[in-house]
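What follows is data29.pdb (PDB, C-alpha atoms and all ligand atoms).
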```pdb
ATOM      1  CA  MET G   5      69.400  85.933  53.601  1.00  0.00           C
ATOM      2  CA  GLY G   6      69.833  88.716  56.028  1.00  0.00           C
ATOM      3  CA  LEU G   7      69.939  88.117  59.738  1.00  0.00           C
ATOM      4  CA  SER G   8      70.345  90.892  62.225  1.00  0.00           C
ATOM      5  CA  ALA G   9      71.474  90.972  65.822  1.00  0.00           C
ATOM      6  CA  HIS G  10      68.987  91.928  68.500  1.00  0.00           C
ATOM      7  CA  VAL G  11      71.147  94.013  70.803  1.00  0.00           C
ATOM      8  CA  ALA G  12      69.082  93.313  73.948  1.00  0.00           C
ATOM      9  CA  CYS G  13      69.959  89.587  73.858  1.00  0.00           C
ATOM     10  CA  GLY G  14      72.861  89.481  71.366  1.00  0.00           C
ATOM     11  CA  LEU G  15      71.231  86.787  69.223  1.00  0.00           C
ATOM     12  CA  LEU G  16      70.665  86.815  65.464  1.00  0.00           C
ATOM     13  CA  ARG G  17      67.146  86.731  64.125  1.00  0.00           C
ATOM     14  CA  GLY G  18      65.413  86.938  60.757  1.00  0.00           C
ATOM     15  CA  ARG G  19      64.229  84.806  57.885  1.00  0.00           C
ATOM     16  CA  THR G  20      66.330  81.833  56.793  1.00  0.00           C
ATOM     17  CA  GLU G  21      65.924  79.058  54.229  1.00  0.00           C
ATOM     18  CA  TRP G  22      64.965  76.733  57.119  1.00  0.00           C
ATOM     19  CA  GLY G  23      62.320  78.980  58.577  1.00  0.00           C
ATOM     20  CA  GLU G  24      62.078  81.996  60.802  1.00  0.00           C
ATOM     21  CA  GLN G  25      64.913  82.325  63.320  1.00  0.00           C
ATOM     22  CA  GLY G  26      63.875  84.056  66.502  1.00  0.00           C
ATOM     23  CA  CYS G  27      66.056  85.373  69.297  1.00  0.00           C
ATOM     24  CA  ARG G  28      65.744  84.921  73.042  1.00  0.00           C
ATOM     25  CA  CYS G  29      62.962  87.511  73.141  1.00  0.00           C
ATOM     26  CA  SER G  30      60.832  86.013  70.375  1.00  0.00           C
ATOM     27  CA  ARG G  31      59.810  82.400  70.013  1.00  0.00           C
ATOM     28  CA  THR G  32      61.372  80.377  67.183  1.00  0.00           C
ATOM     29  CA  PRO G  33      59.092  77.738  65.670  1.00  0.00           C
ATOM     30  CA  LYS G  34      60.773  74.312  65.773  1.00  0.00           C
ATOM     31  CA  TRP G  35      62.498  73.635  62.450  1.00  0.00           C
ATOM     32  CA  GLU G  36      62.006  70.234  60.904  1.00  0.00           C
ATOM     33  CA  ARG G  37      65.199  68.354  59.970  1.00  0.00           C
ATOM     34  CA  ALA G  38      67.345  70.578  62.201  1.00  0.00           C
ATOM     35  CA  ASP G  39      68.732  69.634  65.601  1.00  0.00           C
ATOM     36  CA  VAL G  40      68.560  73.266  66.663  1.00  0.00           C
ATOM     37  CA  SER G  41      66.396  76.007  65.127  1.00  0.00           C
ATOM     38  CA  GLU G  42      69.359  78.263  64.415  1.00  0.00           C
ATOM     39  CA  LEU G  43      71.150  78.982  61.128  1.00  0.00           C
ATOM     40  CA  ARG G  44      74.074  80.701  62.820  1.00  0.00           C
ATOM     41  CA  GLN G  45      74.966  83.196  65.539  1.00  0.00           C
ATOM     42  CA  LEU G  46      77.656  85.828  65.968  1.00  0.00           C
ATOM     43  CA  CYS G  47      80.867  84.333  67.331  1.00  0.00           C
ATOM     44  CA  PRO G  48      80.573  85.249  71.036  1.00  0.00           C
ATOM     45  CA  SER G  49      84.342  85.519  71.285  1.00  0.00           C
ATOM     46  CA  CYS G  50      85.320  87.897  68.442  1.00  0.00           C
ATOM     47  CA  LEU G  51      81.904  88.866  66.939  1.00  0.00           C
ATOM     48  CA  SER G  52      83.628  89.045  63.549  1.00  0.00           C
ATOM     49  CA  ALA G  53      82.499  85.737  62.019  1.00  0.00           C
ATOM     50  CA  PRO G  54      79.603  83.284  62.159  1.00  0.00           C
ATOM     51  CA  ALA G  55      79.329  80.489  64.740  1.00  0.00           C
ATOM     52  CA  GLY G  56      76.824  77.856  65.822  1.00  0.00           C
ATOM     53  CA  GLY G  57      74.337  76.361  63.370  1.00  0.00           C
ATOM     54  CA  PRO G  58      71.482  73.873  63.084  1.00  0.00           C
ATOM     55  CA  SER G  59      73.571  70.768  63.866  1.00  0.00           C
ATOM     56  CA  ARG G  60      74.068  69.251  67.308  1.00  0.00           C
ATOM     57  CA  TRP G  61      77.744  68.985  66.364  1.00  0.00           C
ATOM     58  CA  ALA G  62      78.107  72.726  65.756  1.00  0.00           C
ATOM     59  CA  VAL G  63      80.881  74.720  67.341  1.00  0.00           C
ATOM     60  CA  LEU G  64      79.641  77.768  69.237  1.00  0.00           C
ATOM     61  CA  VAL G  65      82.516  80.065  68.269  1.00  0.00           C
ATOM     62  CA  CYS G  66      83.907  80.869  64.799  1.00  0.00           C
ATOM     63  CA  ARG G  67      86.488  78.713  63.071  1.00  0.00           C
ATOM     64  CA  SER G  68      89.452  80.947  63.987  1.00  0.00           C
ATOM     65  CA  CYS G  69      88.461  81.173  67.649  1.00  0.00           C
ATOM     66  CA  TRP G  70      87.852  77.404  67.786  1.00  0.00           C
ATOM     67  CA  GLU G  71      91.304  76.699  66.405  1.00  0.00           C
ATOM     68  CA  VAL G  72      92.986  79.014  68.902  1.00  0.00           C
ATOM     69  CA  ASN G  73      90.934  77.428  71.679  1.00  0.00           C
ATOM     70  CA  ARG G  74      91.784  73.895  70.607  1.00  0.00           C
ATOM     71  CA  ALA G  75      95.494  74.664  70.470  1.00  0.00           C
ATOM     72  CA  ARG G  76      95.736  76.564  73.759  1.00  0.00           C
ATOM     73  CA  TYR G  77      92.746  76.581  76.086  1.00  0.00           C
ATOM     74  CA  HIS G  78      90.569  73.468  75.623  1.00  0.00           C
ATOM     75  CA  LEU G  79      87.396  75.239  76.676  1.00  0.00           C
ATOM     76  CA  PRO G  80      84.171  73.317  75.916  1.00  0.00           C
ATOM     77  CA  LEU G  81      83.033  75.695  73.161  1.00  0.00           C
ATOM     78  CA  ALA G  82      81.140  73.154  71.047  1.00  0.00           C
ATOM     79  CA  ARG G  83      77.479  72.303  71.524  1.00  0.00           C
ATOM     80  CA  HIS G  84      77.952  68.554  71.990  1.00  0.00           C
ATOM     81  CA  SER G  85      80.082  66.988  74.711  1.00  0.00           C
ATOM     82  CA  LEU G  86      81.787  64.601  72.248  1.00  0.00           C
ATOM     83  CA  VAL G  87      83.098  67.496  70.153  1.00  0.00           C
ATOM     84  CA  ASN G  88      84.489  68.895  73.406  1.00  0.00           C
ATOM     85  CA  SER G  89      86.197  65.540  74.066  1.00  0.00           C
ATOM     86  CA  ILE G  90      83.973  64.920  77.084  1.00  0.00           C
ATOM     87  CA  TYR G  91      82.858  61.291  77.224  1.00  0.00           C
ATOM     88  CA  LEU G  92      82.628  58.373  79.568  1.00  0.00           C
ATOM     89  CA  CYS G  93      84.292  55.044  78.888  1.00  0.00           C
ATOM     90  CA  ALA G  94      82.383  51.773  79.380  1.00  0.00           C
ATOM     91  CA  SER G  95      82.170  50.549  83.003  1.00  0.00           C
ATOM     92  CA  PRO G  96      83.729  53.689  84.482  1.00  0.00           C
ATOM     93  CA  GLU G  97      85.286  53.884  87.924  1.00  0.00           C
ATOM     94  CA  ARG G  98      83.449  56.095  90.363  1.00  0.00           C
ATOM     95  CA  GLU G  99      86.015  58.923  90.030  1.00  0.00           C
ATOM     96  CA  GLN G 100      85.708  58.801  86.246  1.00  0.00           C
ATOM     97  CA  ALA G 101      81.921  59.055  86.463  1.00  0.00           C
ATOM     98  CA  GLU G 102      82.215  62.001  88.851  1.00  0.00           C
ATOM     99  CA  ALA G 103      84.765  63.771  86.655  1.00  0.00           C
ATOM    100  CA  PHE G 104      82.471  63.255  83.659  1.00  0.00           C
ATOM    101  CA  GLN G 105      79.534  64.764  85.531  1.00  0.00           C
ATOM    102  CA  ARG G 106      81.635  67.786  86.562  1.00  0.00           C
ATOM    103  CA  GLU G 107      82.815  68.335  82.986  1.00  0.00           C
ATOM    104  CA  ILE G 108      79.253  68.187  81.644  1.00  0.00           C
ATOM    105  CA  LEU G 109      78.004  70.693  84.215  1.00  0.00           C
ATOM    106  CA  ASP G 110      80.960  72.943  83.464  1.00  0.00           C
ATOM    107  CA  MET G 111      80.161  72.716  79.754  1.00  0.00           C
ATOM    108  CA  PHE G 112      76.559  73.865  80.297  1.00  0.00           C
ATOM    109  CA  ASP G 113      77.790  76.694  82.492  1.00  0.00           C
ATOM    110  CA  VAL G 114      80.271  77.805  79.807  1.00  0.00           C
ATOM    111  CA  GLN G 115      77.542  77.715  77.150  1.00  0.00           C
ATOM    112  CA  LYS G 116      75.316  79.928  79.268  1.00  0.00           C
ATOM    113  CA  ARG G 117      78.111  82.372  79.976  1.00  0.00           C
ATOM    114  CA  LEU G 118      79.109  82.522  76.297  1.00  0.00           C
ATOM    115  CA  SER G 119      75.767  84.160  75.518  1.00  0.00           C
ATOM    116  CA  GLU G 120      76.286  86.708  78.254  1.00  0.00           C
ATOM    117  CA  TRP G 121      79.791  87.452  76.951  1.00  0.00           C
ATOM    118  CA  ARG G 122      78.433  87.979  73.434  1.00  0.00           C
ATOM    119  CA  ARG G 123      75.691  90.310  74.602  1.00  0.00           C
ATOM    120  CA  VAL G 124      78.051  92.491  76.642  1.00  0.00           C
ATOM    121  CA  HIS G 125      80.627  92.645  73.847  1.00  0.00           C
ATOM    122  CA  LEU G 126      78.034  93.579  71.274  1.00  0.00           C
ATOM    123  CA  GLU G 127      76.991  96.503  73.465  1.00  0.00           C
ATOM    124  CA  ARG G 128      80.623  97.443  73.905  1.00  0.00           C
ATOM    125  CA  LEU G 129      81.210  97.317  70.152  1.00  0.00           C
ATOM    126  CA  LEU G 130      78.264  99.613  69.472  1.00  0.00           C
ATOM    127  CA  ARG G 131      79.593 102.054  72.058  1.00  0.00           C
ATOM    128  CA  LEU G 132      83.054 102.033  70.452  1.00  0.00           C
ATOM    129  CA  ALA G 133      81.514 102.518  67.011  1.00  0.00           C
ATOM    130  CA  GLY G 134      79.327 105.399  68.189  1.00  0.00           C
ATOM    131  CA  LEU G 135      76.135 103.420  67.643  1.00  0.00           C
ATOM    132  CA  GLU G 136      74.834 103.393  71.208  1.00  0.00           C
ATOM    133  CA  GLY G 137      71.090 103.016  71.465  1.00  0.00           C
ATOM    134  CA  VAL G 138      70.739 101.000  68.259  1.00  0.00           C
ATOM    135  CA  GLU G 139      68.328  98.137  68.943  1.00  0.00           C
ATOM    136  CA  GLU G 140      68.968  95.938  65.956  1.00  0.00           C
ATOM    137  CA  ILE G 141      71.985  95.761  63.650  1.00  0.00           C
ATOM    138  CA  PRO G 142      72.676  93.721  60.482  1.00  0.00           C
ATOM    139  CA  GLU G 143      74.975  90.743  60.996  1.00  0.00           C
ATOM    140  CA  ASP G 144      77.391  91.832  58.239  1.00  0.00           C
ATOM    141  CA  LEU G 145      77.809  95.218  59.838  1.00  0.00           C
ATOM    142  CA  VAL G 146      78.655  93.624  63.208  1.00  0.00           C
ATOM    143  CA  HIS G 147      81.336  91.513  61.497  1.00  0.00           C
ATOM    144  CA  LEU G 148      82.797  94.565  59.790  1.00  0.00           C
ATOM    145  CA  LEU G 149      82.789  96.782  62.902  1.00  0.00           C
ATOM    146  CA  SER G 150      84.294  93.988  65.017  1.00  0.00           C
ATOM    147  CA  ARG G 151      87.302  93.774  62.733  1.00  0.00           C
ATOM    148  CA  LEU G 152      87.777  97.510  63.164  1.00  0.00           C
ATOM    149  CA  TYR G 153      87.154  97.890  66.887  1.00  0.00           C
ATOM    150  CA  LEU G 154      87.558  94.569  68.711  1.00  0.00           C
ATOM    151  CA  PRO G 155      90.587  92.324  69.320  1.00  0.00           C
ATOM    152  CA  PRO G 156      91.324  89.627  66.690  1.00  0.00           C
ATOM    153  CA  PRO G 157      90.447  85.965  67.448  1.00  0.00           C
ATOM    154  CA  ASP G 158      93.668  84.975  69.258  1.00  0.00           C
ATOM    155  CA  GLN G 159      93.356  87.895  71.697  1.00  0.00           C
ATOM    156  CA  ALA G 160      89.570  87.497  71.928  1.00  0.00           C
ATOM    157  CA  VAL G 161      89.828  83.848  73.011  1.00  0.00           C
ATOM    158  CA  LEU G 162      92.525  84.742  75.539  1.00  0.00           C
ATOM    159  CA  ASN G 163      90.172  87.323  77.113  1.00  0.00           C
ATOM    160  CA  LEU G 164      87.268  84.895  77.055  1.00  0.00           C
ATOM    161  CA  ALA G 165      89.302  82.075  78.608  1.00  0.00           C
ATOM    162  CA  ALA G 166      90.520  84.342  81.407  1.00  0.00           C
ATOM    163  CA  TRP G 167      86.985  85.438  82.213  1.00  0.00           C
ATOM    164  CA  LEU G 168      85.572  81.912  82.096  1.00  0.00           C
ATOM    165  CA  ARG G 169      88.281  80.626  84.436  1.00  0.00           C
ATOM    166  CA  GLU G 170      88.416  83.523  86.847  1.00  0.00           C
ATOM    167  CA  GLY G 171      84.747  84.540  86.803  1.00  0.00           C
ATOM    168  CA  GLY G 172      83.710  87.962  88.045  1.00  0.00           C
ATOM    169  CA  PRO G 173      82.076  90.713  86.051  1.00  0.00           C
ATOM    170  CA  ILE G 174      82.785  91.029  82.344  1.00  0.00           C
ATOM    171  CA  PRO G 175      85.571  93.593  81.805  1.00  0.00           C
ATOM    172  CA  ALA G 176      84.050  96.715  80.245  1.00  0.00           C
ATOM    173  CA  GLY G 177      87.184  97.512  78.259  1.00  0.00           C
ATOM    174  CA  GLY G 178      87.859 100.678  76.326  1.00  0.00           C
TER     175      GLY G 178
HETATM  176 ZN    ZN G 201      66.298  89.280  71.488  1.00  0.00          ZN
HETATM  177 ZN    ZN G 202      85.521  84.220  66.686  1.00  0.00          ZN
END
```

Give the structure from this file in structure tokens form.
Amino acid sequence: MGLSAHVACGLLRGRTEWGEQGCRCSRTPKWERADVSELRQLCPSCLSAPAGGPSRWAVLVCRSCWEVNRARYHLPLARHSLVNSIYLCASPEREQAEAFQREILDMFDVQKRLSEWRRVHLERLLRLAGLEGVEEIPEDLVHLLSRLYLPPPDQAVLNLAAWLREGGPIPAGG
């Protein structure tokens, strides 16, 4: 079933087999039997493949970007802390508890910034493809255009990792 990206927020919306998926600008009714009312999203890193999903264990980038990340960067790009290898052992020392708390806060911060990264890159993609001003665009078309105009997953994750670590404004790029 067709989802399309709402350019203003970068999120996919449309009708799914689970129910209606809304974006940030429109309320999504809570889906029964799903941890999260989301079928999938655009990979925020490369925009060329699906990411996320209705499970709490979902990874928030596509498979290729996740594999590059796991091999090189170890960014917390999954929804659940356990999938990001963030956990606390039984009877932790104080430093361990503090490190755990820092990692969790960092994970939430990364998740928030991922959405911002996706939104800015979607706008950039539309500019590169000569589609400025489009408000909504089919998911499949975003995937196709991304493969033509944006860096492939290994480069995309490198750019994302640099921005997440160094902060600052999102590079506008060409
Ligand atoms: Zn929206
Ligand atoms: Zn990706």

Nearest residue to G:Asp144 from the set G:Pro156, G:Glu21, G:Arg28, G:Leu46 (distances using all atoms listed in the file):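 Nearest to G:Asp144: G:Leu46.
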
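A distance search around ligand ZN 202 (chain G) (9 Å at most, all atoms listed in the file) returns the following protein and nucleic acid residues: G:Leu46, G:Cys47, G:Pro48, G:Ser49, G:Cys50, G:Leu51, G:Ser52, G:Ala53, G:Pro54, G:Ala55, G:Val65, G:Cys66, G:Arg67, G:Ser68, G:Cys69, G:Trp70, G:Pro156, G:Pro157, G:Asp158, G:Ala160, G:Val161.
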
Contact residues around G:Pro80 with all atoms listed in the file at 8 Å, ignoring same-chain residues under 4 positions, as a list in words: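 Result of the neighbour search: Ser85, Asn88, Met111 and Val114 of chain G.
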
Shell around G:Arg60 at 9 Å using all atoms listed in the file, local window under 5 positions removed, as JSON, numbers by chain: {"G": [38, 39, 40, 82, 83, 84]}

Using only C-alpha atoms: which of G:Pro33, G:Leu168, G:Leu130, G:Leu135 has the shortest distance to G:Ser150: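 Closest to G:Ser150, using only C-alpha atoms: G:Leu130.
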
Neighbourhood of ligand ZN 201 (chain G) at 7 Å, counting all atoms listed in the file, reported as a list in words: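 I would give the residues around ligand ZN 201 (chain G) as His10, Val11, Ala12, Cys13, Gly14, Leu15, Cys27, Arg28, Cys29 and Ser30 of chain G.
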
Selection result for the PyMOL selection byres (((chain G and resi 169) around 12) and not hetatm) on this file, as a ChimeraX atom specification: /G:77-80,110,113-114,117,161-168,170-174

Given the PyMOL selection byres (((chain G and resi 23) around 10) and not hetatm), the residues it picks as a PyMOL selection string: chain G and resi 18-22+24-26+32-36+41-43

Atom pair atom CA of G:Ile141 / atom CA of G:Leu7: separation (Å):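 So the two atoms, atom CA of G:Ile141 and atom CA of G:Leu7, lie 8.8 Å apart.
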
Selection result for the PyMOL selection byres (((chain G and resi 104) around 12) and not hetatm) on this file, as a PyMOL selection string: chain G and resi 85-86+88-93+96-103+105-111

Counting only C-alpha atoms, the residue of G:Gln45, G:Leu64, G:Arg37, G:Val138 that sits nearest G:Arg17: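 When distances to G:Arg17 are compared using only C-alpha atoms, the smallest one comes from G:Gln45.
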
Pick from G:Leu129, G:Glu71, G:Gly56, G:Phe112 nearest to G:His147, counting all atoms listed in the file: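 With all atoms listed in the file as the atom set, the closest residue is G:Leu129.
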
Interatomic distance (Å, one decimal) between atom CA of G:Leu81 and atom CA of G:Leu154: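 About the pair atom CA of G:Leu81 and atom CA of G:Leu154: they are 19.9 Å apart.
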
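The two atoms in question, atom CA of G:His125 and atom CA of G:Val87, are spaced 25.5 Å apart.
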
Need a file for stretch 51-77 of chain G from that block: C-alpha atoms, written as an mmCIF file, in the first residue's frame.
```cif
data_model
loop_
_atom_site.group_PDB
_atom_site.id
_atom_site.type_symbol
_atom_site.label_atom_id
_atom_site.label_comp_id
_atom_site.auth_asym_id
_atom_site.auth_seq_id
_atom_site.Cartn_x
_atom_site.Cartn_y
_atom_site.Cartn_z
ATOM 1 C CA LEU G 51 16.579 7.956 2.173
ATOM 2 C CA SER G 52 16.876 5.116 -0.346
ATOM 3 C CA ALA G 53 15.321 2.256 1.643
ATOM 4 C CA PRO G 54 12.750 1.646 4.371
ATOM 5 C CA ALA G 55 13.540 1.847 8.097
ATOM 6 C CA GLY G 56 11.694 1.698 11.405
ATOM 7 C CA GLY G 57 8.492 -0.310 11.799
ATOM 8 C CA PRO G 58 5.798 -1.262 14.300
ATOM 9 C CA SER G 59 8.093 -3.234 16.636
ATOM 10 C CA ARG G 60 9.898 -1.828 19.664
ATOM 11 C CA TRP G 61 12.941 -3.727 18.396
ATOM 12 C CA ALA G 62 12.964 -1.929 15.040
ATOM 13 C CA VAL G 63 16.090 -0.319 13.689
ATOM 14 C CA LEU G 64 15.601 3.319 12.713
ATOM 15 C CA VAL G 65 17.840 3.236 9.638
ATOM 16 C CA CYS G 66 17.786 0.825 6.671
ATOM 17 C CA ARG G 67 19.558 -2.515 6.705
ATOM 18 C CA SER G 68 22.599 -1.296 4.735
ATOM 19 C CA CYS G 69 23.075 1.787 6.908
ATOM 20 C CA TRP G 70 22.645 -0.301 10.079
ATOM 21 C CA GLU G 71 25.324 -2.728 8.960
ATOM 22 C CA VAL G 72 27.781 0.055 8.157
ATOM 23 C CA ASN G 73 26.977 1.661 11.506
ATOM 24 C CA ARG G 74 27.429 -1.571 13.429
ATOM 25 C CA ALA G 75 30.789 -2.245 11.808
ATOM 26 C CA ARG G 76 32.227 1.262 12.149
ATOM 27 C CA TYR G 77 30.350 3.813 14.229
#
```
